[in-house]
$ cat entry00.cif   # mmCIF, C-alpha atoms
data_entry
loop_
_atom_site.group_PDB
_atom_site.id
_atom_site.type_symbol
_atom_site.label_atom_id
_atom_site.label_comp_id
_atom_site.auth_asym_id
_atom_site.auth_seq_id
_atom_site.Cartn_x
_atom_site.Cartn_y
_atom_site.Cartn_z
ATOM 1 C CA MET A 234 80.966 111.741 77.248
ATOM 2 C CA ILE A 235 81.037 108.384 75.466
ATOM 3 C CA ASP A 236 79.187 109.505 72.334
ATOM 4 C CA GLN A 237 80.402 113.097 71.991
ATOM 5 C CA GLN A 238 84.003 112.912 73.214
ATOM 6 C CA ILE A 239 85.149 109.353 72.667
ATOM 7 C CA ARG A 240 83.214 107.300 70.110
ATOM 8 C CA SER A 241 82.961 110.227 67.676
ATOM 9 C CA ARG A 242 86.769 110.620 67.706
ATOM 10 C CA GLY A 243 87.593 107.091 66.666
ATOM 11 C CA VAL A 244 87.561 104.981 69.819
ATOM 12 C CA SER A 245 85.497 101.974 68.774
ATOM 13 C CA ASP A 246 86.668 99.080 70.980
ATOM 14 C CA LEU A 247 83.467 97.977 72.701
ATOM 15 C CA ARG A 248 85.278 96.651 75.770
ATOM 16 C CA VAL A 249 87.010 100.003 76.232
ATOM 17 C CA LEU A 250 83.750 101.893 75.798
ATOM 18 C CA ASP A 251 82.001 99.610 78.300
ATOM 19 C CA ALA A 252 84.809 100.128 80.816
ATOM 20 C CA MET A 253 84.606 103.898 80.395
ATOM 21 C CA MET A 254 80.851 103.684 80.898
ATOM 22 C CA SER A 255 81.115 101.585 84.046
ATOM 23 C CA VAL A 256 83.691 103.619 86.006
ATOM 24 C CA PRO A 257 82.280 106.709 87.804
ATOM 25 C CA ARG A 258 84.816 109.393 86.911
ATOM 26 C CA GLU A 259 83.472 111.785 89.554
ATOM 27 C CA ARG A 260 84.888 109.472 92.240
ATOM 28 C CA PHE A 261 88.423 110.301 91.081
ATOM 29 C CA VAL A 262 88.335 114.108 91.026
ATOM 30 C CA PRO A 263 88.391 116.608 93.914
ATOM 31 C CA SER A 264 84.972 117.308 95.412
ATOM 32 C CA ASP A 265 84.942 120.870 94.085
ATOM 33 C CA ALA A 266 85.452 119.573 90.529
ATOM 34 C CA CYS A 267 82.697 116.947 90.465
ATOM 35 C CA SER A 268 80.522 119.073 88.185
ATOM 36 C CA SER A 269 83.359 119.053 85.621
ATOM 37 C CA ALA A 270 84.233 115.373 85.950
ATOM 38 C CA TYR A 271 82.929 114.466 82.486
ATOM 39 C CA ASP A 272 84.169 117.563 80.655
ATOM 40 C CA ASP A 273 86.455 117.109 77.643
ATOM 41 C CA CYS A 274 89.592 118.228 79.454
ATOM 42 C CA ALA A 275 92.203 117.228 81.994
ATOM 43 C CA LEU A 276 91.508 118.275 85.574
ATOM 44 C CA PRO A 277 93.891 119.120 88.422
ATOM 45 C CA ILE A 278 94.146 116.725 91.335
ATOM 46 C CA ALA A 279 96.375 116.820 94.418
ATOM 47 C CA ALA A 280 100.163 117.317 94.432
ATOM 48 C CA GLY A 281 100.198 119.321 91.194
ATOM 49 C CA GLN A 282 99.113 116.320 89.113
ATOM 50 C CA THR A 283 96.190 115.848 86.722
ATOM 51 C CA ILE A 284 93.542 113.337 85.700
ATOM 52 C CA SER A 285 93.704 113.006 81.905
ATOM 53 C CA GLN A 286 90.799 113.999 79.708
ATOM 54 C CA PRO A 287 88.379 111.127 79.024
ATOM 55 C CA PHE A 288 89.286 110.880 75.332
ATOM 56 C CA ILE A 289 92.997 110.457 76.054
ATOM 57 C CA VAL A 290 92.268 107.759 78.647
ATOM 58 C CA ALA A 291 90.085 105.877 76.167
ATOM 59 C CA TYR A 292 92.488 106.403 73.257
ATOM 60 C CA MET A 293 95.552 105.140 75.116
ATOM 61 C CA THR A 294 93.592 102.197 76.481
ATOM 62 C CA GLN A 295 92.459 101.226 72.984
ATOM 63 C CA GLN A 296 96.047 101.444 71.700
ATOM 64 C CA LEU A 297 97.108 99.061 74.472
ATOM 65 C CA MET A 298 94.884 96.269 73.014
ATOM 66 C CA VAL A 299 94.130 94.663 76.377
ATOM 67 C CA GLU A 300 92.935 91.050 76.585
ATOM 68 C CA PRO A 301 91.131 89.587 79.629
ATOM 69 C CA HIS A 302 94.100 87.382 80.605
ATOM 70 C CA HIS A 303 96.672 90.192 80.507
ATOM 71 C CA ARG A 304 98.805 91.428 83.371
ATOM 72 C CA ILE A 305 99.312 95.175 83.033
ATOM 73 C CA LEU A 306 101.845 97.556 84.509
ATOM 74 C CA GLU A 307 100.684 101.157 84.851
ATOM 75 C CA ILE A 308 103.224 103.878 85.552
ATOM 76 C CA GLY A 309 101.654 106.822 87.370
ATOM 77 C CA THR A 310 98.614 105.818 89.411
ATOM 78 C CA GLY A 311 97.567 109.431 89.998
ATOM 79 C CA SER A 312 93.885 109.544 90.920
ATOM 80 C CA GLY A 313 93.451 105.854 90.081
ATOM 81 C CA TYR A 314 90.999 106.487 87.225
ATOM 82 C CA GLN A 315 93.094 104.942 84.448
ATOM 83 C CA CYS A 316 93.899 102.048 86.753
ATOM 84 C CA ALA A 317 90.170 101.466 87.299
ATOM 85 C CA ILE A 318 89.539 101.368 83.544
ATOM 86 C CA LEU A 319 92.349 98.850 83.048
ATOM 87 C CA ALA A 320 91.116 96.736 85.945
ATOM 88 C CA ARG A 321 87.796 96.319 84.125
ATOM 89 C CA LEU A 322 89.651 94.900 81.113
ATOM 90 C CA ALA A 323 92.574 92.819 82.406
ATOM 91 C CA ALA A 324 93.302 89.983 84.810
ATOM 92 C CA HIS A 325 95.464 92.167 87.061
ATOM 93 C CA VAL A 326 96.873 95.696 87.099
ATOM 94 C CA TYR A 327 100.081 96.655 88.884
ATOM 95 C CA SER A 328 100.451 100.413 89.294
ATOM 96 C CA VAL A 329 103.369 102.530 90.528
ATOM 97 C CA GLU A 330 102.984 106.010 92.026
ATOM 98 C CA ARG A 331 105.847 108.046 93.481
ATOM 99 C CA ILE A 332 103.578 110.369 95.520
ATOM 100 C CA ASP A 333 102.382 108.542 98.620
ATOM 101 C CA ASP A 334 99.293 110.679 99.241
ATOM 102 C CA LEU A 335 98.003 110.024 95.726
ATOM 103 C CA ARG A 336 98.662 106.295 95.979
ATOM 104 C CA ILE A 337 96.868 106.014 99.325
ATOM 105 C CA ALA A 338 93.847 107.973 98.094
ATOM 106 C CA ALA A 339 93.685 105.960 94.862
ATOM 107 C CA ALA A 340 93.860 102.678 96.788
ATOM 108 C CA ARG A 341 90.926 103.759 98.924
ATOM 109 C CA THR A 342 88.794 104.726 95.923
ATOM 110 C CA LEU A 343 89.596 101.546 94.013
ATOM 111 C CA ALA A 344 88.725 99.453 97.061
ATOM 112 C CA ASP A 345 85.454 101.343 97.537
ATOM 113 C CA LEU A 346 84.546 100.438 93.940
ATOM 114 C CA GLY A 347 85.249 96.770 94.612
ATOM 115 C CA LEU A 348 88.230 96.530 92.272
ATOM 116 C CA THR A 349 90.350 93.839 93.887
ATOM 117 C CA ASN A 350 92.546 92.906 90.897
ATOM 118 C CA VAL A 351 94.938 95.820 91.442
ATOM 119 C CA THR A 352 98.263 96.101 93.241
ATOM 120 C CA LEU A 353 99.614 99.571 94.021
ATOM 121 C CA ARG A 354 103.232 100.289 94.872
ATOM 122 C CA GLY A 355 105.256 103.395 95.625
ATOM 123 C CA GLY A 356 108.555 104.146 93.913
ATOM 124 C CA ASP A 357 110.297 105.367 90.785
ATOM 125 C CA GLY A 358 107.933 104.498 87.957
ATOM 126 C CA SER A 359 110.600 105.044 85.301
ATOM 127 C CA LEU A 360 112.219 101.845 86.606
ATOM 128 C CA GLY A 361 108.995 99.872 86.357
ATOM 129 C CA LEU A 362 108.130 97.183 88.890
ATOM 130 C CA PRO A 363 110.552 94.253 88.442
ATOM 131 C CA GLU A 364 108.999 92.402 91.375
ATOM 132 C CA PHE A 365 106.036 91.218 89.279
ATOM 133 C CA ALA A 366 107.560 91.300 85.763
ATOM 134 C CA PRO A 367 107.156 90.443 82.979
ATOM 135 C CA TYR A 368 103.982 92.210 81.847
ATOM 136 C CA ASP A 369 101.804 91.733 78.778
ATOM 137 C CA ARG A 370 101.117 95.454 78.541
ATOM 138 C CA ILE A 371 102.629 98.617 80.025
ATOM 139 C CA LEU A 372 100.891 102.000 80.088
ATOM 140 C CA VAL A 373 102.689 105.174 81.153
ATOM 141 C CA THR A 374 100.532 108.131 82.197
ATOM 142 C CA ALA A 375 103.340 110.698 82.400
ATOM 143 C CA ALA A 376 105.670 112.005 79.690
ATOM 144 C CA ALA A 377 109.244 110.799 79.314
ATOM 145 C CA PRO A 378 112.043 112.348 77.219
ATOM 146 C CA ARG A 379 112.784 108.877 75.818
ATOM 147 C CA ILE A 380 111.556 105.295 76.229
ATOM 148 C CA PRO A 381 112.840 103.930 79.560
ATOM 149 C CA LEU A 382 114.868 100.785 78.883
ATOM 150 C CA ALA A 383 113.796 99.368 82.242
ATOM 151 C CA LEU A 384 110.216 99.219 81.000
ATOM 152 C CA LEU A 385 111.151 97.440 77.783
ATOM 153 C CA ASP A 386 113.053 94.854 79.826
ATOM 154 C CA GLN A 387 109.855 94.099 81.782
ATOM 155 C CA LEU A 388 107.680 93.587 78.698
ATOM 156 C CA VAL A 389 106.928 90.130 77.291
ATOM 157 C CA ASP A 390 107.842 89.333 73.704
ATOM 158 C CA ASN A 391 105.111 90.771 71.442
ATOM 159 C CA GLY A 392 103.979 92.924 74.382
ATOM 160 C CA ARG A 393 102.882 96.537 73.932
ATOM 161 C CA LEU A 394 103.999 99.706 75.683
ATOM 162 C CA VAL A 395 102.011 102.935 75.302
ATOM 163 C CA ILE A 396 103.830 106.048 76.495
ATOM 164 C CA PRO A 397 103.920 109.833 75.885
ATOM 165 C CA ILE A 398 107.368 110.834 74.580
ATOM 166 C CA GLY A 399 108.706 114.347 73.970
ATOM 167 C CA GLY A 400 109.655 117.611 75.589
ATOM 168 C CA PRO A 401 108.399 119.107 78.841
ATOM 169 C CA CYS A 402 105.422 120.864 77.206
ATOM 170 C CA GLU A 403 104.362 118.805 74.179
ATOM 171 C CA GLN A 404 104.650 115.110 73.427
ATOM 172 C CA GLU A 405 103.368 112.322 71.204
ATOM 173 C CA ILE A 406 101.720 109.113 72.302
ATOM 174 C CA VAL A 407 104.013 106.325 71.109
ATOM 175 C CA VAL A 408 103.094 102.653 70.784
ATOM 176 C CA VAL A 409 106.044 100.296 71.227
ATOM 177 C CA VAL A 410 105.855 96.594 70.362
ATOM 178 C CA ARG A 411 108.657 94.350 71.582
ATOM 179 C CA ASP A 412 109.768 91.905 68.892
ATOM 180 C CA GLY A 413 112.530 89.799 70.378
ATOM 181 C CA VAL A 414 115.587 92.013 70.818
ATOM 182 C CA ARG A 415 114.178 94.833 68.703
ATOM 183 C CA THR A 416 111.257 97.205 69.091
ATOM 184 C CA ILE A 417 108.752 98.628 66.632
ATOM 185 C CA GLU A 418 107.773 102.202 67.532
ATOM 186 C CA THR A 419 104.806 104.107 66.093
ATOM 187 C CA SER A 420 103.957 107.732 66.902
ATOM 188 C CA MET A 421 100.213 108.161 67.175
ATOM 189 C CA LEU A 422 98.840 111.424 68.570
ATOM 190 C CA GLY A 423 99.995 114.746 69.992
ATOM 191 C CA CYS A 424 99.383 115.210 73.702
ATOM 192 C CA ARG A 425 100.373 117.013 76.905
ATOM 193 C CA PHE A 426 101.212 115.148 80.099
ATOM 194 C CA VAL A 427 102.975 115.933 83.347
ATOM 195 C CA LYS A 428 106.605 114.802 83.469
ATOM 196 C CA LEU A 429 107.670 111.265 84.316
ATOM 197 C CA LEU A 430 110.177 112.001 87.068
ATOM 198 C CA GLY A 431 112.826 109.424 87.877
ATOM 199 C CA GLU A 432 116.109 107.804 87.026
ATOM 200 C CA GLN A 433 115.049 106.957 83.455
ATOM 201 C CA GLY A 434 112.652 109.882 83.027
ATOM 202 C CA TRP A 435 113.022 113.574 83.778
ATOM 203 C CA GLN A 436 115.391 114.307 86.613
ATOM 204 C CA VAL A 437 113.898 115.649 89.820
ATOM 205 C CA ASP A 438 114.870 119.314 90.321
ATOM 206 C CA THR A 439 116.547 119.478 93.707
ATOM 207 C CA THR A 440 117.740 123.083 93.384
ATOM 208 C CA THR A 441 116.510 125.649 95.877
ATOM 209 C CA SER A 442 116.092 129.374 95.477
#

$ encode --input "entry00.cif" --output "structure tokens"
Amino acid sequence: MIDQQIRSRGVSDLRVLDAMMSVPRERFVPSDACSSAYDDCALPIAAGQTISQPFIVAYMTQQLMVEPHHRILEIGTGSGYQCAILARLAAHVYSVERIDDLRIAAARTLADLGLTNVTLRGGDGSLGLPEFAPYDRILVTAAAPRIPLALLDQLVDNGRLVIPIGGPCEQEIVVVVRDGVRTIETSMLGCRFVKLLGEQGWQVDTTTS
């Protein structure tokens, strides 16, 4: 996975590669998908969500430029895999997941792996986690129609936000650097993510048939 899917496609940060090497991806996928855990694709997990393909996880992590002293906010805990990678790189990771079953399962897996520098919370990820703000880095693992202002407000000056932005089917990974009262935004790579549902993301469909 490291050589064929990640390093060969431009991910060269040695700390990121070491983190990807050290986290057992099979622990974060359903038992019937263990044989596909290291395939170059996203995989379905519970509640209609997905675990991103290894390359995308590594690519977004590299774009985040994590330092060992950083405090990171992750939006969308999902399986906990991305959170585990970040926990290998940063001082502490705070992660928000709106689906309780996913958050509980991820907490159990992270604890089993001995990752104690993580804090998981339930709630609307599009609003961030003001309780522990500000953050040095913010990573969003679901696609938003636009950059949530609540997340920018929780980012330190010169901090970085990495987030998929676009329509419901196709998006681009965007890197946002906060520079005082302004932001510098750079579109990086096409991608496909599940929707970021919430007040500052996609609205939850409450209609019934």

$ residues_around --input "entry00.cif" --residues "His303 of chain A" --least-positions-apart "6" --cutoff "9 Å" --atoms "all atoms listed in the file" --output "mmCIF file with C-alpha atoms, keeping the file's coordinate frame"
data_model
loop_
_atom_site.group_PDB
_atom_site.id
_atom_site.type_symbol
_atom_site.label_atom_id
_atom_site.label_comp_id
_atom_site.auth_asym_id
_atom_site.auth_seq_id
_atom_site.Cartn_x
_atom_site.Cartn_y
_atom_site.Cartn_z
ATOM 1 C CA LEU A 322 89.651 94.900 81.113
ATOM 2 C CA ALA A 323 92.574 92.819 82.406
ATOM 3 C CA ALA A 324 93.302 89.983 84.810
ATOM 4 C CA HIS A 325 95.464 92.167 87.061
ATOM 5 C CA VAL A 326 96.873 95.696 87.099
ATOM 6 C CA TYR A 368 103.982 92.210 81.847
ATOM 7 C CA ASP A 369 101.804 91.733 78.778
ATOM 8 C CA ARG A 370 101.117 95.454 78.541
#

$ closest_residue --input "entry00.cif" --among "A:Leu343, A:Ala375, A:Val299, A:Val329" --to "Leu430 of chain A" --atoms "only C-alpha atoms"
A:Ala375

$ resolve_selection --input "entry00.cif" --expression "the PyMOL selection byres ((chain A and resi 350) around 12)" --output "ChimeraX atom specification"
/A:301-305,316-328,340,343-344,346-349,351-353

$ atom_distance --input "entry00.cif" --atom1 "atom CA of Phe365 of chain A" --atom2 "atom CA of Met253 of chain A"
26.4 Å

$ residues_around --input "entry00.cif" --residues "segment 418-427 of chain A" --least-positions-apart "5" --cutoff "7 Å" --atoms "all atoms listed in the file" --output "count of residues only"
12

$ resolve_selection --input "entry00.cif" --expression "the PyMOL selection byres ((chain A and resi 379-385) around 8)" --output "list in words"
Ser359, Leu360, Gly361, Ile371, Ala377, Pro378, Asp386, Gln387, Leu388, Leu394, Ile396, Ile398, Gly399, Arg411, Gln433 and Gly434 of chain A

$ write_last_selection --input "entry00.cif" --atoms "C-alpha atoms" --output "PDB file, in the frame of the given file"
ATOM      1  CA  SER A 359     110.600 105.044  85.301  1.00  0.00           C
ATOM      2  CA  LEU A 360     112.219 101.845  86.606  1.00  0.00           C
ATOM      3  CA  GLY A 361     108.995  99.872  86.357  1.00  0.00           C
ATOM      4  CA  ILE A 371     102.629  98.617  80.025  1.00  0.00           C
ATOM      5  CA  ALA A 377     109.244 110.799  79.314  1.00  0.00           C
ATOM      6  CA  PRO A 378     112.043 112.348  77.219  1.00  0.00           C
ATOM      7  CA  ASP A 386     113.053  94.854  79.826  1.00  0.00           C
ATOM      8  CA  GLN A 387     109.855  94.099  81.782  1.00  0.00           C
ATOM      9  CA  LEU A 388     107.680  93.587  78.698  1.00  0.00           C
ATOM     10  CA  LEU A 394     103.999  99.706  75.683  1.00  0.00           C
ATOM     11  CA  ILE A 396     103.830 106.048  76.495  1.00  0.00           C
ATOM     12  CA  ILE A 398     107.368 110.834  74.580  1.00  0.00           C
ATOM     13  CA  GLY A 399     108.706 114.347  73.970  1.00  0.00           C
ATOM     14  CA  ARG A 411     108.657  94.350  71.582  1.00  0.00           C
ATOM     15  CA  GLN A 433     115.049 106.957  83.455  1.00  0.00           C
ATOM     16  CA  GLY A 434     112.652 109.882  83.027  1.00  0.00           C
TER      17      GLY A 434
END

$ closest_residue --input "entry00.cif" --among "A:Gln237, A:Thr283, A:Gln295, A:Thr342" --to "Val256 of chain A" --atoms "only C-alpha atoms"
A:Thr342
